[in-house]
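Notes to accompany the following structure.
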Amino acid sequence: MKKLLKVVAGAIGTVVLALGVLVLAAVGTEYRPGDVVVEPVSCTSPGEPLEAGVPFTVLSWNVQYGASRKHQFFYDGGDAVHVPPGDVADTVRDVAAVLQDTDAELTLIQEMDRGSRRTGMVDMLAPWQAATRAACAVTTPYHRSAFVPKPFTNPLGRVDMHLALLSKAPLRNALRTQLALLDEPRVVQVFNLKRALLTAEVPVEGLDQPLAVAVTHLSAFSFGDGTLAAQVGALDDWMAARPEGQPWILAGDMNLLPTGDDKSRLAVERDLYADAASPIDPLLSRYREVLGNDRQLLEENRTYLPFGASEPDRKIDYMFVGGPLEVLEARVMREHTAISDHLPIQARLRVSPPPAPQPAVSPEAPPSAP
């Protein structure tokens, strides 16, 4: 019996030691980006610039890291951590089909796994770039760790989750801007998400300035600690800094209810929205949202589906636009409820051409003498 206990104790000790080594390695290799980082753009072809006066399509979507809606994950109160390979393959294929059918000139993705243990180390960029027929792509990590020890009974392990911009047109001047971190112990921050804003520029024929494009994904579990207000402030700063006459788009999962929504009506996850006033309010009061700033509370514009729900029960995803950019039509793609816990937003936009120069008017000649 003593021999058996020694064997068991030795095995437990070995496991604990191995986990300790992995945790120390993760701490030692922590992803700590600078405040602003230049991100490389990868292009498979030159691409065609957008053209002023010609409509184009934009799609923004939180794809739930290709994990499928079949599982309730541990951070949502369930037990699931790692996704069966078949479910990952099916979801990657289903997302690709939507992207191909939508045929958007610009695709803005949140939660793209590019080598995470939970999704079988699949890099989702290649199949989705192919599906969009994107000439250029840029991504940036916002949850990257060599080893996440939670949940402790079944560790998440390696995580590499990105924001992504996919474009049929050329992409230039891509930047990653670090957003405020959650107010939590430093040792927790090592393994947690480091939210970011990914921006780039798209040339527009017939316009002196490029289209500025931005994608983001704000914090989900701040519980009113001020993080979301700080993150929204950074988005506000970026939008306000756009030069006069420049068209721009900023979209993503903001994890915030629109102005006037009552969180008490929600059956689940209402405690996530602990701020006295929604931090999204300043953006909705200052900038145009493609679905209409006065239409945010309509059921047709809800974008998030809690686990097990067949219909979305709240709007937390947004697409803001500014400058000489017309919104021709926009909608939440409600037909895609089986793929992710978020629904994509699709918008048809057009860059307004600059006004034609007026011909010079010559002064009238004085009347001739009789």
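To be explicit about the labels: the chains of the structure tokens are called A, B, and onward in the order shown, and within each one the residues are counted from 1, while ligands get numbers from 1 in the order they are shown.
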
DSSP-assigned helix (DSSP H, G or I) among range 44-185 of chain A, expressed as number ranges by chain: A: 64-66, 74-76, 85-102, 117-119, 125-132

Write a file of the just-selected residues containing N, CA and C atoms, as a compact mmCIF listing (two decimals), in the first residue's frame.
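In the end it all went to again15.txt:
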```txt
# COMPACT_ATOMS: atom_id res chain seq x y z
N GLN A 64 -16.52 33.47 -32.95
CA GLN A 64 -16.39 32.58 -31.78
C GLN A 64 -15.27 31.56 -31.99
N TYR A 65 -14.16 32.03 -32.46
CA TYR A 65 -12.92 31.28 -32.72
C TYR A 65 -13.16 29.91 -33.39
N GLY A 66 -14.18 29.86 -34.24
CA GLY A 66 -14.44 28.64 -35.00
C GLY A 66 -14.79 27.44 -34.15
N PHE A 74 -16.48 27.05 -20.66
CA PHE A 74 -16.31 27.25 -19.22
C PHE A 74 -16.50 28.70 -18.80
N TYR A 75 -16.11 29.66 -19.64
CA TYR A 75 -16.26 31.08 -19.27
C TYR A 75 -17.71 31.54 -19.35
N ASP A 76 -18.58 30.73 -19.97
CA ASP A 76 -20.01 31.03 -20.02
C ASP A 76 -20.80 30.15 -19.06
N PRO A 85 -12.16 17.94 -33.13
CA PRO A 85 -11.66 18.35 -34.45
C PRO A 85 -12.74 18.44 -35.52
N GLY A 86 -13.70 17.54 -35.50
CA GLY A 86 -14.76 17.58 -36.50
C GLY A 86 -15.61 18.83 -36.40
N ASP A 87 -15.87 19.28 -35.17
CA ASP A 87 -16.67 20.50 -34.99
C ASP A 87 -15.90 21.73 -35.46
N VAL A 88 -14.58 21.73 -35.23
CA VAL A 88 -13.77 22.85 -35.71
C VAL A 88 -13.79 22.88 -37.24
N ALA A 89 -13.56 21.72 -37.86
CA ALA A 89 -13.54 21.65 -39.32
C ALA A 89 -14.87 22.09 -39.92
N ASP A 90 -15.97 21.65 -39.32
CA ASP A 90 -17.29 22.03 -39.83
C ASP A 90 -17.51 23.54 -39.71
N THR A 91 -17.10 24.12 -38.58
CA THR A 91 -17.33 25.55 -38.36
C THR A 91 -16.46 26.39 -39.28
N VAL A 92 -15.19 26.01 -39.43
CA VAL A 92 -14.32 26.74 -40.35
C VAL A 92 -14.90 26.71 -41.77
N ARG A 93 -15.43 25.56 -42.16
CA ARG A 93 -16.05 25.43 -43.48
C ARG A 93 -17.32 26.28 -43.58
N ASP A 94 -18.14 26.29 -42.54
CA ASP A 94 -19.39 27.06 -42.58
C ASP A 94 -19.11 28.56 -42.62
N VAL A 95 -18.13 29.02 -41.84
CA VAL A 95 -17.75 30.44 -41.90
C VAL A 95 -17.26 30.78 -43.30
N ALA A 96 -16.42 29.92 -43.87
CA ALA A 96 -15.90 30.17 -45.22
C ALA A 96 -17.03 30.27 -46.24
N ALA A 97 -18.06 29.45 -46.10
CA ALA A 97 -19.18 29.49 -47.03
C ALA A 97 -19.91 30.83 -46.96
N VAL A 98 -20.11 31.34 -45.74
CA VAL A 98 -20.76 32.64 -45.59
C VAL A 98 -19.90 33.74 -46.21
N LEU A 99 -18.60 33.69 -45.94
CA LEU A 99 -17.71 34.71 -46.48
C LEU A 99 -17.70 34.67 -48.01
N GLN A 100 -17.69 33.48 -48.56
CA GLN A 100 -17.69 33.36 -50.01
C GLN A 100 -18.99 33.88 -50.61
N ASP A 101 -20.12 33.53 -50.01
CA ASP A 101 -21.41 33.98 -50.53
C ASP A 101 -21.59 35.49 -50.41
N THR A 102 -21.09 36.05 -49.32
CA THR A 102 -21.23 37.50 -49.11
C THR A 102 -20.38 38.28 -50.09
N ARG A 117 -4.66 25.57 -28.94
CA ARG A 117 -4.88 24.16 -28.62
C ARG A 117 -6.37 23.84 -28.58
N ARG A 118 -7.20 24.77 -28.15
CA ARG A 118 -8.64 24.51 -28.01
C ARG A 118 -9.29 24.18 -29.35
N THR A 119 -8.71 24.68 -30.48
CA THR A 119 -9.25 24.41 -31.80
C THR A 119 -8.27 23.62 -32.66
N LEU A 125 -6.72 31.66 -40.85
CA LEU A 125 -6.54 32.75 -41.82
C LEU A 125 -6.60 32.24 -43.25
N ALA A 126 -5.85 31.20 -43.57
CA ALA A 126 -5.74 30.75 -44.96
C ALA A 126 -7.09 30.39 -45.58
N PRO A 127 -7.91 29.53 -44.94
CA PRO A 127 -9.20 29.19 -45.58
C PRO A 127 -10.13 30.38 -45.70
N TRP A 128 -10.09 31.29 -44.74
CA TRP A 128 -11.00 32.43 -44.81
C TRP A 128 -10.50 33.50 -45.77
N GLN A 129 -9.20 33.64 -45.90
CA GLN A 129 -8.68 34.56 -46.92
C GLN A 129 -9.01 34.04 -48.31
N ALA A 130 -8.92 32.74 -48.49
CA ALA A 130 -9.28 32.16 -49.78
C ALA A 130 -10.76 32.34 -50.07
N ALA A 131 -11.60 32.16 -49.04
CA ALA A 131 -13.05 32.28 -49.23
C ALA A 131 -13.45 33.70 -49.62
N THR A 132 -12.77 34.69 -49.07
CA THR A 132 -13.11 36.09 -49.38
C THR A 132 -12.45 36.56 -50.66
```

Surrounding residues of range 328-339 of chain A excluding itself and chain neighbours under 5 positions, 6 Å, only C-alpha atoms, as a VMD selection string: chain A and resid 68 291 301 344 to 349

Residues of the last selection are to be written out with C-alpha atoms, as a short mmCIF file (atom, residue, chain, number, x, y, z; two decimals), in the first residue's frame.
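As a result, selection_6.cif now contains:
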```cif
data_model
loop_
_atom_site.label_atom_id
_atom_site.label_comp_id
_atom_site.auth_asym_id
_atom_site.auth_seq_id
_atom_site.Cartn_x
_atom_site.Cartn_y
_atom_site.Cartn_z
CA SER A 68 -19.26 26.01 -33.11
CA LEU A 291 -28.01 50.16 -38.72
CA ASN A 301 -30.72 44.51 -35.11
CA PRO A 344 -22.51 39.14 -38.77
CA ILE A 345 -23.29 42.72 -39.77
CA GLN A 346 -23.29 43.39 -43.50
CA ALA A 347 -23.28 46.89 -44.99
CA ARG A 348 -23.33 48.23 -48.52
CA LEU A 349 -21.40 51.50 -48.61
#
```

Interatomic distance, CA of Ser145 in chain A to CA of Gln231 in chain A (Å, one decimal): 21.8 Å

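You can rank A:Leu181, A:Ala309, A:Val148, A:Leu106 by their closest distance to Arg195 in chain A using only C-alpha atoms, and at the top of that list sits A:Leu181.
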
Strand (DSSP E or B) positions in range 131-191 of chain A, given as a ChimeraX atom specification: /A:136-148,157-167,172-178

Nearest to Gln189 in chain A by atom-to-atom distance, counting only C-alpha atoms, from A:Arg32, A:Asp160, A:Asp313, A:Pro355: A:Arg32

Once you count only C-alpha atoms, what closest atom pair and distance in Å to one decimal does each residue of range 96-215 of chain A within 8 Å of range 244-250 of chain A have, with rows by chain and rising residue number, as a Markdown table?
```
| residue | atom | partner | partner_atom | distance |
| --- | --- | --- | --- | --- |
| A:Gln209 | CA | A:Gln246 | CA | 5.7 |
| A:Pro210 | CA | A:Gln246 | CA | 6.8 |
| A:Leu211 | CA | A:Pro247 | CA | 5.1 |
| A:Ala212 | CA | A:Trp248 | CA | 4.5 |
| A:Val213 | CA | A:Ile249 | CA | 4.9 |
| A:Ala214 | CA | A:Leu250 | CA | 4.5 |
| A:Val215 | CA | A:Leu250 | CA | 5.7 |
```

Just write the chosen residues, N, CA and C atoms, as a compact mmCIF listing (two decimals), in the first residue's frame.
```txt
# COMPACT_ATOMS: atom_id res chain seq x y z
N GLN A 209 -7.73 61.00 -50.21
CA GLN A 209 -7.43 60.32 -48.95
C GLN A 209 -7.89 58.87 -49.01
N PRO A 210 -7.17 57.96 -48.33
CA PRO A 210 -7.58 56.56 -48.29
C PRO A 210 -8.76 56.36 -47.35
N LEU A 211 -9.42 55.23 -47.51
CA LEU A 211 -10.43 54.79 -46.55
C LEU A 211 -9.70 54.20 -45.35
N ALA A 212 -9.99 54.70 -44.15
CA ALA A 212 -9.42 54.15 -42.92
C ALA A 212 -10.37 53.09 -42.38
N VAL A 213 -9.82 51.92 -42.06
CA VAL A 213 -10.64 50.79 -41.60
C VAL A 213 -10.09 50.31 -40.26
N ALA A 214 -11.01 50.01 -39.32
CA ALA A 214 -10.59 49.57 -37.99
C ALA A 214 -11.51 48.45 -37.50
N VAL A 215 -10.92 47.49 -36.79
CA VAL A 215 -11.69 46.40 -36.18
C VAL A 215 -11.23 46.24 -34.74
```

Atom pair CA of Gly53 in chain A / CA of Leu343 in chain A: separation (Å):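 Value for the CA of Gly53 in chain A-CA of Leu343 in chain A distance: 28.5 Å.
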
Residues within 10 Å of Ala52 in chain A, only C-alpha atoms, excluding chain neighbours under 3 positions, as an MDAnalysis selection string: chainID A and resid 49 55:56 204:207 324:325 350:354

A:Leu198, A:Met161, A:Leu257, A:Ala135 ranked by distance to Arg302 in chain A, top pick (using only C-alpha atoms): A:Leu257

Selection: 10 Å around Asp294 in chain A, only C-alpha atoms, excl. self and same-chain fewer than 6 positions, as JSON, numbers by chain: {"A": [259, 284, 285]}

Would you output that residue set with C-alpha atoms, as an mmCIF file, in the first residue's frame?
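Result went into result30.cif, see below:
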```cif
data_model
loop_
_atom_site.group_PDB
_atom_site.id
_atom_site.type_symbol
_atom_site.label_atom_id
_atom_site.label_comp_id
_atom_site.auth_asym_id
_atom_site.auth_seq_id
_atom_site.Cartn_x
_atom_site.Cartn_y
_atom_site.Cartn_z
ATOM 1 C CA THR A 259 -28.374 53.417 -25.315
ATOM 2 C CA LEU A 284 -23.843 56.529 -30.612
ATOM 3 C CA SER A 285 -24.422 60.209 -29.924
#
```

Of the listed residues A:Glu48, A:Leu298, A:Lys263, A:Asp253, that which approaches Phe320 in chain A most closely, counting only C-alpha atoms: A:Asp253

d(CA of Thr153 in chain A, CA of Val190 in chain A) in Å: 19.3 Å

Near-Pro155 in chain A list (12 Å; only C-alpha atoms; drop same-chain fewer than 3 positions) as a PyMOL selection string: chain A and resi 19+22-23+74+79-82+117-118+146-152+158-159+191

Next, dump the selected residues to file, keeping only N, CA and C atoms, as a short mmCIF file (atom, residue, chain, number, x, y, z; two decimals), in the first residue's frame.
```
data_model
loop_
_atom_site.label_atom_id
_atom_site.label_comp_id
_atom_site.auth_asym_id
_atom_site.auth_seq_id
_atom_site.Cartn_x
_atom_site.Cartn_y
_atom_site.Cartn_z
N LEU A 19 3.17 21.17 -14.93
CA LEU A 19 2.30 22.35 -15.05
C LEU A 19 3.04 23.59 -14.59
N LEU A 22 5.31 24.76 -17.30
CA LEU A 22 4.56 25.40 -18.39
C LEU A 22 4.11 26.80 -18.00
N VAL A 23 3.64 26.96 -16.76
CA VAL A 23 3.20 28.29 -16.30
C VAL A 23 4.37 29.26 -16.27
N PHE A 74 -16.48 27.05 -20.66
CA PHE A 74 -16.31 27.25 -19.22
C PHE A 74 -16.50 28.70 -18.80
N ASP A 79 -18.86 23.52 -19.28
CA ASP A 79 -17.70 22.70 -18.99
C ASP A 79 -16.74 22.58 -20.17
N ALA A 80 -17.16 22.96 -21.36
CA ALA A 80 -16.34 22.75 -22.55
C ALA A 80 -15.10 23.63 -22.54
N VAL A 81 -13.99 23.07 -22.98
CA VAL A 81 -12.72 23.80 -23.08
C VAL A 81 -12.14 23.62 -24.48
N HIS A 82 -11.90 22.38 -24.87
CA HIS A 82 -11.33 22.06 -26.17
C HIS A 82 -12.41 21.49 -27.08
N ARG A 117 -4.66 25.57 -28.94
CA ARG A 117 -4.88 24.16 -28.62
C ARG A 117 -6.37 23.84 -28.58
N ARG A 118 -7.20 24.77 -28.15
CA ARG A 118 -8.64 24.51 -28.01
C ARG A 118 -9.29 24.18 -29.35
N ALA A 146 1.57 31.07 -24.28
CA ALA A 146 2.12 29.73 -24.50
C ALA A 146 1.37 28.67 -23.71
N PHE A 147 0.78 29.08 -22.57
CA PHE A 147 0.04 28.11 -21.76
C PHE A 147 -0.86 28.86 -20.78
N VAL A 148 -2.18 28.69 -20.94
CA VAL A 148 -3.15 29.26 -20.00
C VAL A 148 -3.57 28.15 -19.04
N PRO A 149 -3.31 28.29 -17.74
CA PRO A 149 -3.56 27.19 -16.81
C PRO A 149 -5.02 26.98 -16.43
N LYS A 150 -5.88 27.90 -16.75
CA LYS A 150 -7.30 27.74 -16.41
C LYS A 150 -8.04 27.09 -17.57
N PRO A 151 -9.13 26.36 -17.26
CA PRO A 151 -9.50 25.88 -15.92
C PRO A 151 -8.49 24.85 -15.41
N PHE A 152 -8.24 24.87 -14.13
CA PHE A 152 -7.12 24.12 -13.57
C PHE A 152 -7.26 22.61 -13.74
N ARG A 158 -2.15 26.44 -24.96
CA ARG A 158 -1.71 27.49 -25.88
C ARG A 158 -2.92 28.19 -26.51
N VAL A 159 -2.85 29.53 -26.56
CA VAL A 159 -3.90 30.33 -27.20
C VAL A 159 -3.24 31.36 -28.11
N PHE A 191 -1.96 35.96 -18.46
CA PHE A 191 -2.63 34.91 -19.23
C PHE A 191 -3.91 35.39 -19.91
#
```

Nearest candidate to Pro312 in chain A (options A:Met254, A:Ala267, A:Met121, A:Ala104; using only C-alpha atoms):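 Of A:Met254, A:Ala267, A:Met121, A:Ala104, the one nearest Pro312 in chain A is A:Ala267, counting only C-alpha atoms.
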
Top pick for closest residue to Ala137 in chain A, considering A:Ala251, A:Val41, A:Ala169, A:Leu297 and counting only C-alpha atoms: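 Closest candidate: A:Val41.
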